[in-house]
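Working notes, structure below.
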Amino acid sequence: MTIHLNIWRQDGPDKPGGFKSYSVEGISHDMSFLEMFDLLNEQLTLKGETPIEFDHDCREGICGSCNMMINGQAHGPNARTATCQLHMRSFKDGDSIDVEPWRASAFPVIKDLVVDRTSFDRIIEAGGYVSVNTGNAPDANAIPISKTKADEAMDYAACIGCGACVAACPNASASLFVGAKIAHLAILPQGQPEAGRRTIKMVNQMQEEGFGDCSNHAECEAVCPKGISIAGIATMRRAYVKAMLSSDG
Ligand code: FES
C-alpha cells in the first residue's frame, strides 16, 4: 500500500518547524506504524536526505517512548494502543496521515517528533523512596493484600509514562500520569509510610514543571494506551488534601 504523510519537521528546540509531505510506497499491512517510519527513513537516507527523528525503544507497548500525534489523536486511532503496536492495516491504501509531536510547554520539542519528557522523571524523583525491610527475604504473603486491592494497584502500575494524557488534555495536565503513580503506591500497605510526603512532593513538582490543571475533560483516559482510569486523579486529590491537613506531609 501507499501512504501519504504530513510530518512535522523541526531541526531543534529553538528552530521554526513545519509540515513536510512524503509518500511511502511498498508498505505491508503487517508493518507497525514505526516500521513504516523505518521504511521512510531508509528511503530518505538513500536519497541523501535527513531521516525523521522519532522516539522508540521496546516496540512492545511497555516503555512509553513512541509518542506521536497521528491525525490529531495521541498514538493514533486505535483505543489502548501505543504507536509501536499500531499496525498499518488500521489504514487504507492511499490514506493521508498527519503526524506531529506532543504539544505541551512542559514537553519541549527536541527535534522533529522527539520531545523532552524528563519533566515526568523529575516528578517521579520528587516522590522519593518507598521504605523496605532489609535482611532475609520475608515470608510469602506476610503482608496480606486483598485480590481487589492488588488488581487495582496493578491497573495503575500499568502506566508507561508515555505522555499521551498530557498531549490529549486541553490544559496539558499531567494529572492522569501523576494520579496513576500516586494511586498505585497509595493503595498498597507498602506504600503507606511515605504516602503523604510523596503525594505532596509529586503534586508540587507537577505544578513546578508547568503542566496545566485538570478540569475533568477525561480526554486523558480516552487516549491512554493502558486504559488508566481517571479515578486515579480523584485518589490523588484525596491523598493530597489528606496529607496537607495532617502532619504527615
Ligand atoms: S516503543 Fe515502547 S511503548 Fe512503544
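Here's how to read the names in the C-alpha cells: chain A, B, ... by the order shown, residue numbers from 1 in each chain, ligand numbers from 1 in the order shown.
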
When DSSP is applied to the backbone of this structure, which of range 19-110 of chain A are assigned strand (DSSP E)? Write them out as a VMD selection string. chain A and resid 19 to 24 69 to 70 73 to 74 96 to 100 109 to 110

Once you count only C-alpha atoms and all ligand atoms, what closest atom pair and distance in Å to one decimal does each residue of chain A within 6 Å of ligand 1 have, with rows by chain and rising residue number, as a Markdown table?
| residue | atom | partner | partner_atom_place_in_ligand_line | distance |
| --- | --- | --- | --- | --- |
| A:His56 | CA | ligand 1 | 1 (S) | 4.1 |
| A:Asp57 | CA | ligand 1 | 1 (S) | 4.4 |
| A:Cys58 | CA | ligand 1 | 2 (Fe) | 4.0 |
| A:Arg59 | CA | ligand 1 | 1 (S) | 3.6 |
| A:Glu60 | CA | ligand 1 | 2 (Fe) | 5.4 |
| A:Gly61 | CA | ligand 1 | 3 (S) | 3.4 |
| A:Ile62 | CA | ligand 1 | 3 (S) | 4.3 |
| A:Cys63 | CA | ligand 1 | 2 (Fe) | 3.8 |
| A:Gly64 | CA | ligand 1 | 3 (S) | 3.9 |
| A:Ser65 | CA | ligand 1 | 1 (S) | 5.0 |
| A:Cys66 | CA | ligand 1 | 4 (Fe) | 4.3 |
| A:Ala82 | CA | ligand 1 | 4 (Fe) | 5.5 |
| A:Thr83 | CA | ligand 1 | 4 (Fe) | 5.7 |
| A:Cys84 | CA | ligand 1 | 4 (Fe) | 4.3 |

| message | Nearest residue to Gly163 in chain A out of A:Ile230, A:Cys220, A:Ala243, A:Ile97, using only C-alpha atoms? | response |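 Of A:Ile230, A:Cys220, A:Ala243, A:Ile97, the one nearest Gly163 in chain A is A:Cys220, counting only C-alpha atoms.
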
CA of Phe33 in chain A sits from CA of Gly94 in chain A at a separation of 15.1 Å

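When CA of Leu86 in chain A is paired with CA of Val178 in chain A, their separation reads 25.4 Å.
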
Within 10 Å of range 109-113 of chain A, counting only C-alpha atoms, which residues qualify if same-chain residues fewer than 3 places away don't, as number ranges by chain? A: 7-15, 17-19, 51-55, 66-69, 99-106, 116-117

- [ ] Per DSSP on the backbone, filter range 8-248 of chain A down to the residues in helix (DSSP H, G or I) and report them as a ChimeraX atom specification.
- [x] /A:33-46,83-85,88-90,118-127,147-157,164-168,175-186,189-191,195-208,219-223,231-245

Students should find that CA of Ser96 in chain A and CA of Ser23 in chain A are spaced 8.9 Å

Of A:Val24, A:Ala168, A:Ala239, A:Ala150, the one nearest to Arg198 in chain A when counting only C-alpha atoms is A:Ala239

Find, counting only C-alpha atoms, the residue in A:Ile187, A:Leu5, A:Ala167, A:Ala126 that gets nearest to Val203 in chain A.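 Smallest separation from Val203 in chain A among the options: A:Ala126.
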
Give me, as a PyMOL selection string, all polymer residues having an atom no more than 12 Å from Ala222 in chain A, counting only C-alpha atoms and skipping those fewer than 2 positions away in the same chain. chain A and resi 73-81+164-169+176+216-220+224-230

Residue with the minimum atom-to-atom distance to His87 in chain A, picked from A:Arg197, A:His29, A:His184, A:His4 with only C-alpha atoms counted, is A:His29

Which polymer residues have any atom within 10 Å of an atom of Gly232 in chain A, counting only C-alpha atoms, with same-chain residues fewer than 6 positions away left out, as a CSV table (one decimal) with C-alpha atoms, in the first residue's frame?
chain,number,residue,atom,x,y,z
A,152,GLU,CA,-6.4,-2.0,41.4
A,155,ASP,CA,-4.1,-1.3,36.9
A,156,TYR,CA,-2.4,2.0,38.0
A,175,SER,CA,-2.8,14.6,36.4
A,176,LEU,CA,-3.6,11.1,34.9
A,177,PHE,CA,0.2,10.2,35.0
A,178,VAL,CA,0.8,11.6,38.5
A,179,GLY,CA,-2.5,10.2,39.7
A,180,ALA,CA,-1.6,6.7,38.5
A,181,LYS,CA,1.9,6.9,40.1
A,182,ILE,CA,0.5,8.1,43.4
A,183,ALA,CA,-2.5,5.7,43.4
A,184,HIS,CA,-0.6,2.6,42.7
A,238,ARG,CA,-8.0,13.0,48.2

#### Entry: Nearest-residue call for Asn171 in chain A, choices A:Ala186, A:Ala140, A:Cys214, A:Val132, using only C-alpha atoms
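Using only C-alpha atoms, the shortest distance to Asn171 in chain A belongs to A:Cys214.
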
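Using only C-alpha atoms, the shortest contact distance between Gln43 in chain A and any of A:Gly210, A:Asp30, A:Ala231, A:Glu25 is found at A:Glu25.
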